[in-house]
>>> print(open('upload_15.cif').read())   # mmCIF, C-alpha atoms and all ligand atoms
data_coords
loop_
_atom_site.label_atom_id
_atom_site.label_comp_id
_atom_site.auth_asym_id
_atom_site.auth_seq_id
_atom_site.Cartn_x
_atom_site.Cartn_y
_atom_site.Cartn_z
CA MET A 1 54.17 59.15 -23.25
CA LYS A 2 56.16 59.66 -20.06
CA ILE A 3 59.38 57.69 -19.62
CA LEU A 4 60.97 57.59 -16.15
CA PRO A 5 64.31 56.20 -15.06
CA TYR A 6 63.97 53.17 -12.76
CA GLN A 7 64.14 54.12 -9.07
CA PRO A 8 64.76 51.12 -6.82
CA ASP A 9 62.11 50.84 -4.09
CA GLN A 10 63.30 52.46 -0.85
CA SER A 11 60.17 51.81 1.21
CA GLY A 12 61.42 48.52 2.65
CA MET A 13 58.11 46.81 1.73
CA ALA A 14 59.93 44.08 -0.18
CA TYR A 15 63.41 43.23 1.01
CA SER A 16 66.10 42.66 -1.58
CA VAL A 17 66.91 38.99 -2.11
CA GLY A 18 70.54 39.79 -2.83
CA THR A 19 73.04 38.51 -5.38
CA THR A 20 72.51 35.10 -6.93
CA LEU A 21 75.44 32.78 -7.51
CA ASP A 22 74.80 32.99 -11.23
CA ARG A 23 75.00 36.77 -11.30
CA PHE A 24 78.04 36.77 -9.04
CA ILE A 25 79.90 34.31 -11.28
CA LYS A 26 79.05 36.41 -14.33
CA SER A 27 80.23 39.60 -12.63
CA LYS A 28 83.58 37.95 -11.78
CA GLN A 29 84.31 36.61 -15.25
CA SER A 30 86.48 39.63 -16.00
CA ASP A 31 88.92 38.41 -13.28
CA PHE A 32 90.23 36.08 -15.98
CA PRO A 33 91.58 38.22 -18.84
CA PHE A 34 91.30 35.52 -21.53
CA ALA A 35 88.35 33.63 -20.15
CA SER A 36 85.69 32.69 -22.63
CA GLY A 37 83.10 31.82 -20.01
CA GLU A 38 83.76 28.08 -19.79
CA LEU A 39 84.96 28.18 -16.19
CA SER A 40 81.90 30.22 -15.25
CA GLN A 41 79.68 27.67 -16.97
CA LEU A 42 81.49 24.85 -15.22
CA LEU A 43 80.84 26.43 -11.83
CA ARG A 44 77.18 26.77 -12.77
CA ASP A 45 77.07 23.08 -13.75
CA ILE A 46 78.48 22.16 -10.34
CA ALA A 47 75.92 24.38 -8.62
CA LEU A 48 73.10 22.69 -10.52
CA ALA A 49 74.29 19.22 -9.55
CA ALA A 50 74.65 20.45 -5.96
CA LYS A 51 71.00 21.56 -5.94
CA ILE A 52 69.95 18.10 -7.08
CA VAL A 53 72.15 16.36 -4.51
CA ASN A 54 70.76 18.73 -1.89
CA ARG A 55 67.28 17.55 -2.79
CA GLU A 56 68.37 13.91 -2.60
CA THR A 57 70.07 14.34 0.78
CA ASN A 58 66.97 16.05 2.15
CA ARG A 59 64.94 13.03 1.15
CA ALA A 60 67.41 10.50 2.54
CA GLY A 61 65.13 9.53 5.43
CA LEU A 62 62.13 9.13 3.14
CA ALA A 63 64.08 7.00 0.69
CA ASN A 64 64.71 4.60 3.54
CA ILE A 65 60.98 4.14 4.08
CA GLY A 66 60.74 2.47 0.68
CA GLY A 67 63.51 0.02 1.48
CA ALA A 68 66.89 0.37 3.06
CA PHE A 69 69.69 1.50 0.78
CA GLY A 70 71.23 -1.49 -0.90
CA GLN A 71 67.84 -3.22 -1.12
CA THR A 72 65.35 -3.13 -3.96
CA ASN A 73 62.42 -0.74 -4.02
CA VAL A 74 58.86 -1.51 -5.14
CA GLN A 75 59.78 -1.11 -8.80
CA GLY A 76 62.42 -3.76 -8.33
CA GLU A 77 65.18 -1.15 -8.81
CA GLU A 78 68.16 -1.37 -6.55
CA GLN A 79 68.30 1.60 -4.21
CA GLN A 80 71.61 3.30 -4.40
CA LYS A 81 73.61 4.77 -1.60
CA LEU A 82 73.56 8.54 -1.63
CA ASP A 83 77.25 8.80 -2.36
CA VAL A 84 76.74 6.73 -5.51
CA ILE A 85 73.76 8.89 -6.47
CA ALA A 86 75.79 12.05 -5.88
CA ASN A 87 78.56 10.67 -8.08
CA ILE A 88 76.10 9.99 -10.88
CA ARG A 89 74.63 13.51 -10.55
CA PHE A 90 77.97 15.31 -10.67
CA MET A 91 79.32 13.09 -13.47
CA ARG A 92 76.23 13.78 -15.53
CA ALA A 93 76.35 17.54 -14.96
CA LEU A 94 80.06 17.72 -15.74
CA SER A 95 79.86 15.56 -18.85
CA LYS A 96 76.87 17.41 -20.30
CA GLY A 97 78.36 20.86 -19.80
CA GLY A 98 81.16 20.34 -22.33
CA GLU A 99 83.86 22.27 -20.45
CA VAL A 100 85.45 19.24 -18.76
CA CYS A 101 87.63 16.61 -20.46
CA ALA A 102 88.34 14.30 -17.51
CA ILE A 103 87.11 13.59 -13.99
CA VAL A 104 88.79 12.06 -10.97
CA SER A 105 86.19 10.95 -8.45
CA GLU A 106 86.40 9.25 -5.08
CA GLU A 107 83.80 6.85 -6.39
CA GLU A 108 85.75 5.79 -9.49
CA ASP A 109 88.94 3.69 -9.54
CA SER A 110 90.23 5.26 -12.75
CA VAL A 111 90.26 8.65 -14.39
CA ILE A 112 87.06 9.08 -16.38
CA ASP A 113 87.74 10.40 -19.88
CA LEU A 114 84.66 12.30 -20.98
CA GLN A 115 85.86 12.12 -24.59
CA ASN A 116 84.92 15.70 -24.96
CA GLY A 117 87.17 17.19 -27.62
CA SER A 118 86.64 20.78 -26.52
CA GLY A 119 87.01 20.32 -22.74
CA LYS A 120 89.74 22.49 -21.22
CA TYR A 121 89.28 21.48 -17.61
CA VAL A 122 89.95 18.51 -15.34
CA VAL A 123 87.78 18.12 -12.24
CA ALA A 124 88.69 16.15 -9.12
CA ILE A 125 85.67 15.55 -6.90
CA ASP A 126 84.49 13.85 -3.75
CA PRO A 127 80.79 13.82 -4.60
CA LEU A 128 79.60 13.11 -1.06
CA ASP A 129 82.05 13.39 1.78
CA GLY A 130 81.33 12.21 5.31
CA SER A 131 79.75 8.91 4.36
CA SER A 132 79.38 7.71 7.94
CA ASN A 133 77.06 10.68 8.57
CA ILE A 134 74.76 10.25 5.57
CA ASP A 135 72.23 7.94 7.20
CA VAL A 136 72.08 9.78 10.51
CA ASN A 137 71.06 13.25 9.40
CA ILE A 138 74.38 14.96 10.10
CA SER A 139 76.05 17.50 7.81
CA ILE A 140 77.84 16.10 4.77
CA GLY A 141 79.48 17.75 1.80
CA THR A 142 80.83 17.76 -1.75
CA ILE A 143 84.41 18.86 -2.46
CA PHE A 144 85.75 19.83 -5.89
CA SER A 145 88.97 21.01 -7.52
CA ILE A 146 89.24 22.39 -11.05
CA TYR A 147 92.46 22.33 -13.10
CA ARG A 148 93.19 23.51 -16.60
CA ARG A 149 94.53 20.60 -18.68
CA LYS A 150 98.23 20.83 -19.59
CA THR A 151 98.15 19.09 -22.96
CA PRO A 152 96.43 20.63 -26.00
CA VAL A 153 92.63 20.67 -26.02
CA GLY A 154 91.33 17.79 -28.14
CA SER A 155 94.39 15.55 -27.68
CA PRO A 156 94.23 12.35 -25.58
CA ILE A 157 94.29 12.88 -21.80
CA GLN A 158 97.75 12.43 -20.32
CA GLU A 159 99.01 11.79 -16.81
CA GLU A 160 100.34 15.36 -16.60
CA ASP A 161 96.79 16.68 -17.05
CA ILE A 162 95.65 14.77 -13.99
CA MET A 163 98.66 14.65 -11.66
CA GLN A 164 98.93 18.36 -11.02
CA PRO A 165 99.89 19.80 -7.63
CA GLY A 166 97.19 21.75 -5.81
CA LYS A 167 98.86 25.08 -6.55
CA GLU A 168 97.76 24.61 -10.19
CA GLN A 169 94.07 24.69 -9.28
CA VAL A 170 92.10 27.39 -11.10
CA ALA A 171 89.09 27.00 -8.84
CA ALA A 172 87.98 24.89 -5.91
CA GLY A 173 85.02 24.71 -3.63
CA TYR A 174 82.73 22.71 -1.46
CA VAL A 175 79.05 22.33 -0.84
CA LEU A 176 77.90 21.81 2.72
CA TYR A 177 74.55 20.08 3.14
CA GLY A 178 73.86 21.14 6.71
CA SER A 179 71.36 23.13 8.74
CA SER A 180 71.39 25.20 5.57
CA THR A 181 73.06 24.29 2.31
CA MET A 182 76.04 26.39 1.31
CA LEU A 183 78.36 26.54 -1.66
CA VAL A 184 81.75 28.09 -0.95
CA TYR A 185 84.30 28.56 -3.71
CA THR A 186 87.41 30.36 -4.82
CA THR A 187 88.94 31.10 -8.20
CA GLY A 188 92.06 32.50 -6.58
CA PHE A 189 90.53 35.91 -5.86
CA GLY A 190 89.32 35.36 -2.32
CA VAL A 191 86.59 33.07 -1.01
CA ASN A 192 82.86 33.64 -1.25
CA GLY A 193 80.02 31.68 0.30
CA PHE A 194 76.47 31.26 -0.99
CA THR A 195 73.47 29.97 0.93
CA TYR A 196 70.75 28.00 -0.81
CA GLU A 197 67.25 29.45 -0.68
CA ASN A 198 65.03 26.41 -1.03
CA SER A 199 61.84 28.16 -2.03
CA LEU A 200 63.57 30.10 -4.83
CA GLY A 201 65.92 27.29 -5.85
CA GLU A 202 68.90 29.65 -5.90
CA PHE A 203 72.19 30.13 -4.09
CA PHE A 204 72.54 33.70 -2.76
CA LEU A 205 75.73 35.43 -1.71
CA SER A 206 75.65 35.28 2.08
CA HIS A 207 79.35 35.22 3.06
CA PRO A 208 81.30 37.61 0.80
CA ALA A 209 85.11 37.72 0.98
CA ILE A 210 85.48 35.17 3.78
CA GLN A 211 88.51 35.76 5.98
CA ALA A 212 89.54 33.05 8.42
CA PRO A 213 90.41 34.26 11.93
CA LYS A 214 94.19 34.21 12.39
CA ASP A 215 93.78 32.37 15.70
CA GLY A 216 91.10 30.26 17.30
CA LYS A 217 90.15 28.01 20.16
CA ILE A 218 88.67 24.99 18.41
CA TYR A 219 90.59 21.80 17.68
CA SER A 220 89.08 19.05 15.53
CA ILE A 221 90.69 15.63 15.55
CA ASN A 222 89.42 12.08 15.99
CA GLU A 223 90.58 11.36 19.53
CA GLY A 224 89.53 7.73 19.15
CA SER A 225 92.83 7.27 17.35
CA GLU A 226 94.91 8.61 20.24
CA LEU A 227 96.67 5.31 20.90
CA GLU A 228 98.00 5.42 17.33
CA TRP A 229 99.27 8.99 17.44
CA THR A 230 102.90 10.00 17.42
CA PRO A 231 104.17 11.66 20.64
CA GLY A 232 104.09 15.04 18.84
CA VAL A 233 100.37 14.78 18.04
CA LYS A 234 99.63 13.58 21.55
CA ASN A 235 101.59 16.45 23.10
CA TYR A 236 99.82 18.95 20.88
CA VAL A 237 96.36 17.67 21.82
CA ASP A 238 97.37 17.69 25.51
CA HIS A 239 98.39 21.31 24.97
CA CYS A 240 94.95 22.05 23.45
CA LYS A 241 93.32 20.62 26.56
CA LYS A 242 95.57 22.50 28.96
CA SER A 243 94.81 25.68 27.02
CA GLN A 244 91.10 24.89 27.40
CA TYR A 245 90.46 24.90 23.69
CA SER A 246 87.13 23.39 22.64
CA ALA A 247 87.05 19.97 20.97
CA ARG A 248 84.68 19.84 18.00
CA TYR A 249 84.69 16.89 15.60
CA ILE A 250 81.75 16.03 13.39
CA GLY A 251 83.54 13.46 11.22
CA SER A 252 82.52 15.18 7.99
CA LEU A 253 85.56 17.01 6.71
CA VAL A 254 83.58 19.74 4.95
CA ALA A 255 81.55 20.51 8.05
CA ASP A 256 84.55 20.51 10.38
CA PHE A 257 86.55 22.66 7.97
CA HIS A 258 83.70 25.13 7.37
CA ARG A 259 83.11 25.71 11.07
CA ASN A 260 86.79 26.31 11.73
CA LEU A 261 87.10 28.58 8.68
CA LEU A 262 84.39 30.85 10.02
CA LYS A 263 85.07 30.63 13.76
CA GLY A 264 88.81 30.01 13.89
CA GLY A 265 90.27 26.60 14.64
CA ILE A 266 92.41 23.74 13.45
CA TYR A 267 91.47 20.44 11.83
CA GLY A 268 93.98 17.62 12.00
CA TYR A 269 93.99 14.19 10.42
CA PRO A 270 97.50 12.94 11.12
CA SER A 271 99.21 9.74 10.06
CA THR A 272 98.41 6.88 12.41
CA GLN A 273 99.47 3.24 12.61
CA LYS A 274 96.29 2.29 10.80
CA ASN A 275 96.65 5.05 8.19
CA PRO A 276 100.38 5.83 7.84
CA ASN A 277 99.65 8.50 5.23
CA GLY A 278 96.62 9.83 7.02
CA LYS A 279 93.19 9.08 5.67
CA LEU A 280 92.24 12.03 3.54
CA ARG A 281 92.74 12.12 -0.21
CA LEU A 282 95.05 14.66 -1.73
CA LEU A 283 93.43 15.16 -5.11
CA TYR A 284 89.81 15.65 -4.19
CA GLU A 285 89.81 16.53 -0.48
CA ALA A 286 92.96 18.17 0.84
CA ASN A 287 93.88 20.25 -2.24
CA ALA A 288 90.54 22.00 -2.61
CA LEU A 289 90.29 22.87 1.08
CA ALA A 290 93.94 23.98 1.16
CA PHE A 291 93.33 26.36 -1.75
CA ILE A 292 90.26 27.79 -0.03
CA ALA A 293 92.08 28.01 3.30
CA GLU A 294 94.98 29.97 1.81
CA GLN A 295 92.65 32.27 -0.10
CA ALA A 296 90.90 33.03 3.19
CA GLY A 297 94.18 33.69 5.03
CA ALA A 298 94.45 30.28 6.73
CA ILE A 299 97.06 27.57 6.08
CA ALA A 300 97.26 23.87 5.23
CA THR A 301 100.17 21.47 5.59
CA ASP A 302 100.78 17.74 5.76
CA GLY A 303 103.07 18.40 8.71
CA VAL A 304 106.14 18.72 6.49
CA GLN A 305 105.17 20.79 3.50
CA ARG A 306 102.42 23.00 2.16
CA ILE A 307 99.59 20.82 0.85
CA LEU A 308 99.42 22.81 -2.41
CA ASP A 309 103.08 21.98 -3.20
CA ILE A 310 102.69 18.20 -3.02
CA GLN A 311 103.26 16.54 -6.37
CA PRO A 312 100.67 13.74 -6.58
CA GLU A 313 101.92 10.33 -7.63
CA THR A 314 98.78 8.25 -7.52
CA LEU A 315 95.15 9.03 -8.16
CA HIS A 316 93.76 8.21 -4.74
CA GLN A 317 96.84 9.26 -2.79
CA ARG A 318 96.30 10.00 0.88
CA THR A 319 97.89 12.74 2.89
CA PRO A 320 98.04 13.81 6.52
CA LEU A 321 96.31 17.18 6.89
CA TRP A 322 96.62 20.07 9.33
CA ILE A 323 94.46 22.95 8.22
CA GLY A 324 92.99 26.08 9.73
CA SER A 325 93.85 29.31 11.49
CA GLU A 326 97.44 30.34 10.85
CA LYS A 327 98.53 30.66 14.48
CA MET A 328 96.97 27.36 15.51
CA VAL A 329 98.48 25.39 12.63
CA ASN A 330 101.89 26.87 13.26
CA GLU A 331 101.56 26.11 16.96
CA ALA A 332 100.67 22.48 16.12
CA MET A 333 103.69 22.22 13.82
CA GLY A 334 105.91 23.28 16.71
CA PHE A 335 104.70 20.20 18.63
CA LEU A 336 104.86 17.79 15.72
CA ASN A 337 108.54 18.32 15.18
CA LYS A 338 110.36 20.58 17.59
CA LYS A 339 113.35 20.77 15.25
CA ARG A 340 111.39 21.95 12.29
CA GLU A 341 110.43 25.58 11.89
CA ALA A 342 106.74 26.29 12.00
CA VAL A 343 105.30 26.41 8.52
CA ASN A 344 105.50 29.89 7.10
CA LEU A 345 103.46 30.21 3.96
P1 LIG B 401 84.23 9.51 5.37
O1 LIG B 401 85.34 8.50 5.24
O2 LIG B 401 83.29 9.22 6.50
O3 LIG B 401 83.52 9.77 4.08
O4 LIG B 401 86.67 11.52 3.54
C1 LIG B 401 87.08 10.99 4.72
C2 LIG B 401 86.16 11.31 5.85
O5 LIG B 401 84.84 10.93 5.72
C3 LIG B 401 86.13 12.83 6.20
O6 LIG B 401 85.01 13.49 5.75
C4 LIG B 401 86.13 12.85 7.69
O7 LIG B 401 86.71 14.01 8.25
C5 LIG B 401 86.91 11.63 8.03
O8 LIG B 401 86.72 10.70 6.97
C6 LIG B 401 86.45 11.00 9.28
O9 LIG B 401 87.28 9.93 9.54
P2 LIG B 401 87.33 9.21 10.95
O10 LIG B 401 86.04 8.51 11.10
O11 LIG B 401 88.49 8.30 10.84
O12 LIG B 401 87.53 10.28 11.98
#
>>> encode(input="upload_15.cif", output="structure tokens", more="lines below")
Ligand code: FDP
Amino acid sequence: MKILPYQPDQSGMAYSVGTTLDRFIKSKQSDFPFASGELSQLLRDIALAAKIVNRETNRAGLANIGGAFGQTNVQGEEQQKLDVIANIRFMRALSKGGEVCAIVSEEEDSVIDLQNGSGKYVVAIDPLDGSSNIDVNISIGTIFSIYRRKTPVGSPIQEEDIMQPGKEQVAAGYVLYGSSTMLVYTTGFGVNGFTYENSLGEFFLSHPAIQAPKDGKIYSINEGSELEWTPGVKNYVDHCKKSQYSARYIGSLVADFHRNLLKGGIYGYPSTQKNPNGKLRLLYEANALAFIAEQAGAIATDGVQRILDIQPETLHQRTPLWIGSEKMVNEAMGFLNKKREAVNL
């Protein structure tokens, strides 16, 4: 019997499909010296829920044929909005996995205690971000933050487990349901992006070690709110126009952030008269994107301090957000408050 060592095919007849998310997560487990695999499993649980939500978002138009959302379908069941469905999917995946003890979700008023005695992690999640874009076939996303609980595993959940500043995140990521579906995440060792291959049902590494451009020419802000801006914001946006930057604003935070992360740009959601603390949520929107931004060499501030340093006080706390290429964010800060130094992170 002849035994030969495996020689990978060099003929080019079958191209390599690349690294799956699963394999990548496994290969990175050694980044955490005392990790027992729970965080890896948790990331896999999130990826599974994301695949299901991806399927649901792709069918959004078809679901409407059977009755508009909010109405009953032929079986007499009430059709749920996609953000509610996404919440159910992520909750289910996170509760079944066993690694998570508590969840903060945009869709839930209170902290959800999974009553899972062995769960080490707390997850904050916006299951489907960009709600105004769901029904009109425009990119939407999921945003998640993962924290290690502070109190002993198995004991009742305490406020200190939940109200952690963003700098305590052990992992964070987002899923973008767009012209292709991508999962981008960090565990504090850089940022990697994975694109979903529908026919294989797998995420493949497509954007390894993402680095945000230090400067850019895109500014993303809802100019419909101009009359409510402070003079500093107005002056900055005037500066963007004079500098012939390009305005790009989808109205789905994940999509706007993702584009600027790859191409270079700034996203701003400042405080306005209508929303004195801005609109975006600290726990499950700003923190995750700020962690990813910093890991990719970009920055994130509320205009006064680094997003990741903010000590949360309430569950659904809002924060102004300026996030993106370092030079652009620092330039914006110069306009927001001439007396204050640009943010140096
Ligand atoms: P939405 O409320 O539509 O779910 O999460 C807040 C958010 O989405 C962000 O995704 C988005 O960037 C922002 O609101 C858009 O808000 P405006 O319509 O006020 O610009």
>>> closest_atom_pairs(input="upload_15.cif", of="chain A", to="ligand LIG 401 (chain B)", cutoff="9 Å", atoms="only C-alpha atoms and all ligand atoms", output="Markdown table")
| residue | atom | partner | partner_atom | distance |
| --- | --- | --- | --- | --- |
| A:Glu106 | CA | B:LIG401 | O4 | 8.9 |
| A:Asp126 | CA | B:LIG401 | O4 | 8.0 |
| A:Leu128 | CA | B:LIG401 | O3 | 7.3 |
| A:Asp129 | CA | B:LIG401 | O3 | 4.5 |
| A:Gly130 | CA | B:LIG401 | O3 | 3.5 |
| A:Ser131 | CA | B:LIG401 | O3 | 3.9 |
| A:Ser132 | CA | B:LIG401 | O2 | 4.4 |
| A:Asn133 | CA | B:LIG401 | O2 | 6.7 |
| A:Ile134 | CA | B:LIG401 | O2 | 8.6 |
| A:Ile140 | CA | B:LIG401 | O6 | 7.7 |
| A:Gly141 | CA | B:LIG401 | O6 | 8.0 |
| A:Ile221 | CA | B:LIG401 | O12 | 7.2 |
| A:Asn222 | CA | B:LIG401 | O12 | 4.8 |
| A:Glu223 | CA | B:LIG401 | O12 | 8.2 |
| A:Gly224 | CA | B:LIG401 | O12 | 7.9 |
| A:Ser225 | CA | B:LIG401 | O11 | 7.9 |
| A:Tyr249 | CA | B:LIG401 | O12 | 8.1 |
| A:Ile250 | CA | B:LIG401 | O7 | 7.4 |
| A:Gly251 | CA | B:LIG401 | C6 | 4.3 |
| A:Ser252 | CA | B:LIG401 | O6 | 3.8 |
| A:Leu253 | CA | B:LIG401 | O7 | 3.6 |
| A:Val254 | CA | B:LIG401 | O6 | 6.5 |
| A:Ala255 | CA | B:LIG401 | O6 | 8.2 |
| A:Asp256 | CA | B:LIG401 | O7 | 7.2 |
| A:Phe257 | CA | B:LIG401 | O7 | 8.7 |
| A:Tyr267 | CA | B:LIG401 | O7 | 8.8 |
| A:Gly268 | CA | B:LIG401 | O7 | 8.9 |
| A:Tyr269 | CA | B:LIG401 | O7 | 7.6 |
| A:Lys279 | CA | B:LIG401 | C1 | 6.5 |
| A:Leu280 | CA | B:LIG401 | C1 | 5.4 |
| A:Arg281 | CA | B:LIG401 | O4 | 7.2 |
| A:Glu285 | CA | B:LIG401 | O4 | 7.1 |
>>> closest_residue(input="upload_15.cif", among="A:Glu107, A:Asp113, A:Asp31, A:Glu331", to="Gly303 (chain A)", atoms="all atoms listed in the file")
A:Glu331
>>> atom_distance(input="upload_15.cif", atom1="CA of Ile125 (chain A)", atom2="CA of Val175 (chain A)")
11.2 Å
>>> atom_distance(input="upload_15.cif", atom1="CA of Ser27 (chain A)", atom2="CA of Ser206 (chain A)")
16.0 Å
>>> atom_distance(input="upload_15.cif", atom1="CA of Arg306 (chain A)", atom2="CA of Ser145 (chain A)")
16.7 Å
>>> axis_aligned_box(input="upload_15.cif", around="region 102-110 of chain A", padding_each_side="6 Å", output="JSON")
{"center_x": 87.0, "center_y": 9.0, "center_z": -11.3, "size_x": 18.4, "size_y": 22.6, "size_z": 24.4}
>>> residues_around(input="upload_15.cif", residues="Ala290 (chain A)", least_positions_apart="5", cutoff="10 Å", atoms="all atoms listed in the file", output="mmCIF file with C-alpha atoms, in the coordinates of the input")
data_model
loop_
_atom_site.group_PDB
_atom_site.id
_atom_site.type_symbol
_atom_site.label_atom_id
_atom_site.label_comp_id
_atom_site.auth_asym_id
_atom_site.auth_seq_id
_atom_site.Cartn_x
_atom_site.Cartn_y
_atom_site.Cartn_z
ATOM 1 C CA GLY A 166 97.190 21.750 -5.810
ATOM 2 C CA LYS A 167 98.860 25.080 -6.550
ATOM 3 C CA ALA A 172 87.980 24.890 -5.910
ATOM 4 C CA LEU A 282 95.050 14.660 -1.730
ATOM 5 C CA GLU A 285 89.810 16.530 -0.480
ATOM 6 C CA GLN A 295 92.650 32.270 -0.100
ATOM 7 C CA ALA A 296 90.900 33.030 3.190
ATOM 8 C CA ALA A 298 94.450 30.280 6.730
ATOM 9 C CA ILE A 299 97.060 27.570 6.080
ATOM 10 C CA ALA A 300 97.260 23.870 5.230
ATOM 11 C CA THR A 301 100.170 21.470 5.590
ATOM 12 C CA ARG A 306 102.420 23.000 2.160
ATOM 13 C CA ILE A 307 99.590 20.820 0.850
ATOM 14 C CA LEU A 308 99.420 22.810 -2.410
ATOM 15 C CA LEU A 321 96.310 17.180 6.890
ATOM 16 C CA TRP A 322 96.620 20.070 9.330
ATOM 17 C CA ILE A 323 94.460 22.950 8.220
ATOM 18 C CA GLY A 324 92.990 26.080 9.730
#
>>> closest_residue(input="upload_15.cif", among="A:Glu99, A:Glu202, A:Glu294, A:Glu197", to="Leu42 (chain A)", atoms="only C-alpha atoms")
A:Glu99
>>> residues_around(input="upload_15.cif", residues="Gly264 (chain A)", least_positions_apart="4", cutoff="9 Å", atoms="all atoms listed in the file", output="JSON, numbers by chain")
{"A": [212, 213, 214, 215, 216, 217, 218, 259, 260, 324, 325, 328]}
>>> write_last_selection(input="upload_15.cif", atoms="C-alpha atoms", output="PDB file, in the coordinates of the input")
ATOM      1  CA  ALA A 212      89.540  33.050   8.420  1.00  0.00           C
ATOM      2  CA  PRO A 213      90.410  34.260  11.930  1.00  0.00           C
ATOM      3  CA  LYS A 214      94.190  34.210  12.390  1.00  0.00           C
ATOM      4  CA  ASP A 215      93.780  32.370  15.700  1.00  0.00           C
ATOM      5  CA  GLY A 216      91.100  30.260  17.300  1.00  0.00           C
ATOM      6  CA  LYS A 217      90.150  28.010  20.160  1.00  0.00           C
ATOM      7  CA  ILE A 218      88.670  24.990  18.410  1.00  0.00           C
ATOM      8  CA  ARG A 259      83.110  25.710  11.070  1.00  0.00           C
ATOM      9  CA  ASN A 260      86.790  26.310  11.730  1.00  0.00           C
ATOM     10  CA  GLY A 324      92.990  26.080   9.730  1.00  0.00           C
ATOM     11  CA  SER A 325      93.850  29.310  11.490  1.00  0.00           C
ATOM     12  CA  MET A 328      96.970  27.360  15.510  1.00  0.00           C
TER      13      MET A 328
END
>>> residues_around(input="upload_15.cif", residues="Val233 (chain A)", least_positions_apart="3", cutoff="12 Å", atoms="only C-alpha atoms", output="JSON, numbers by chain")
{"A": [221, 222, 223, 225, 226, 227, 228, 229, 230, 236, 237, 238, 239, 240, 268, 269, 270, 271, 272, 303, 320, 322, 331, 332, 333, 334, 335, 336, 337, 338]}
>>> closest_residue(input="upload_15.cif", among="A:Ile210, A:Ile85, A:Val136, A:Cys101", to="Ala124 (chain A)", atoms="only C-alpha atoms")
A:Cys101
>>> closest_residue(input="upload_15.cif", among="A:Phe24, A:Gln211, A:Asp309, A:Thr314", to="Glu159 (chain A)", atoms="only C-alpha atoms")
A:Thr314
>>> closest_residue(input="upload_15.cif", among="A:Gly297, A:Arg55, A:Ala247, A:Glu168", to="Pro312 (chain A)", atoms="all atoms listed in the file")
A:Glu168
>>> residues_around(input="upload_15.cif", residues="Ile103 (chain A)", least_positions_apart="4", cutoff="6 Å", atoms="all atoms listed in the file", output="PyMOL selection string")
chain A and resi 111-112+122-124
>>> closest_residue(input="upload_15.cif", among="A:Gln169, A:Ser105, A:Asn116, A:Ser11", to="Thr187 (chain A)", atoms="all atoms listed in the file")
A:Gln169
>>> residues_around(input="upload_15.cif", residues="region 12-21 of chain A", least_positions_apart="6", cutoff="9 Å", atoms="only C-alpha atoms", output="JSON, numbers by chain")
{"A": [44, 47, 194, 202, 203, 204, 205, 206]}
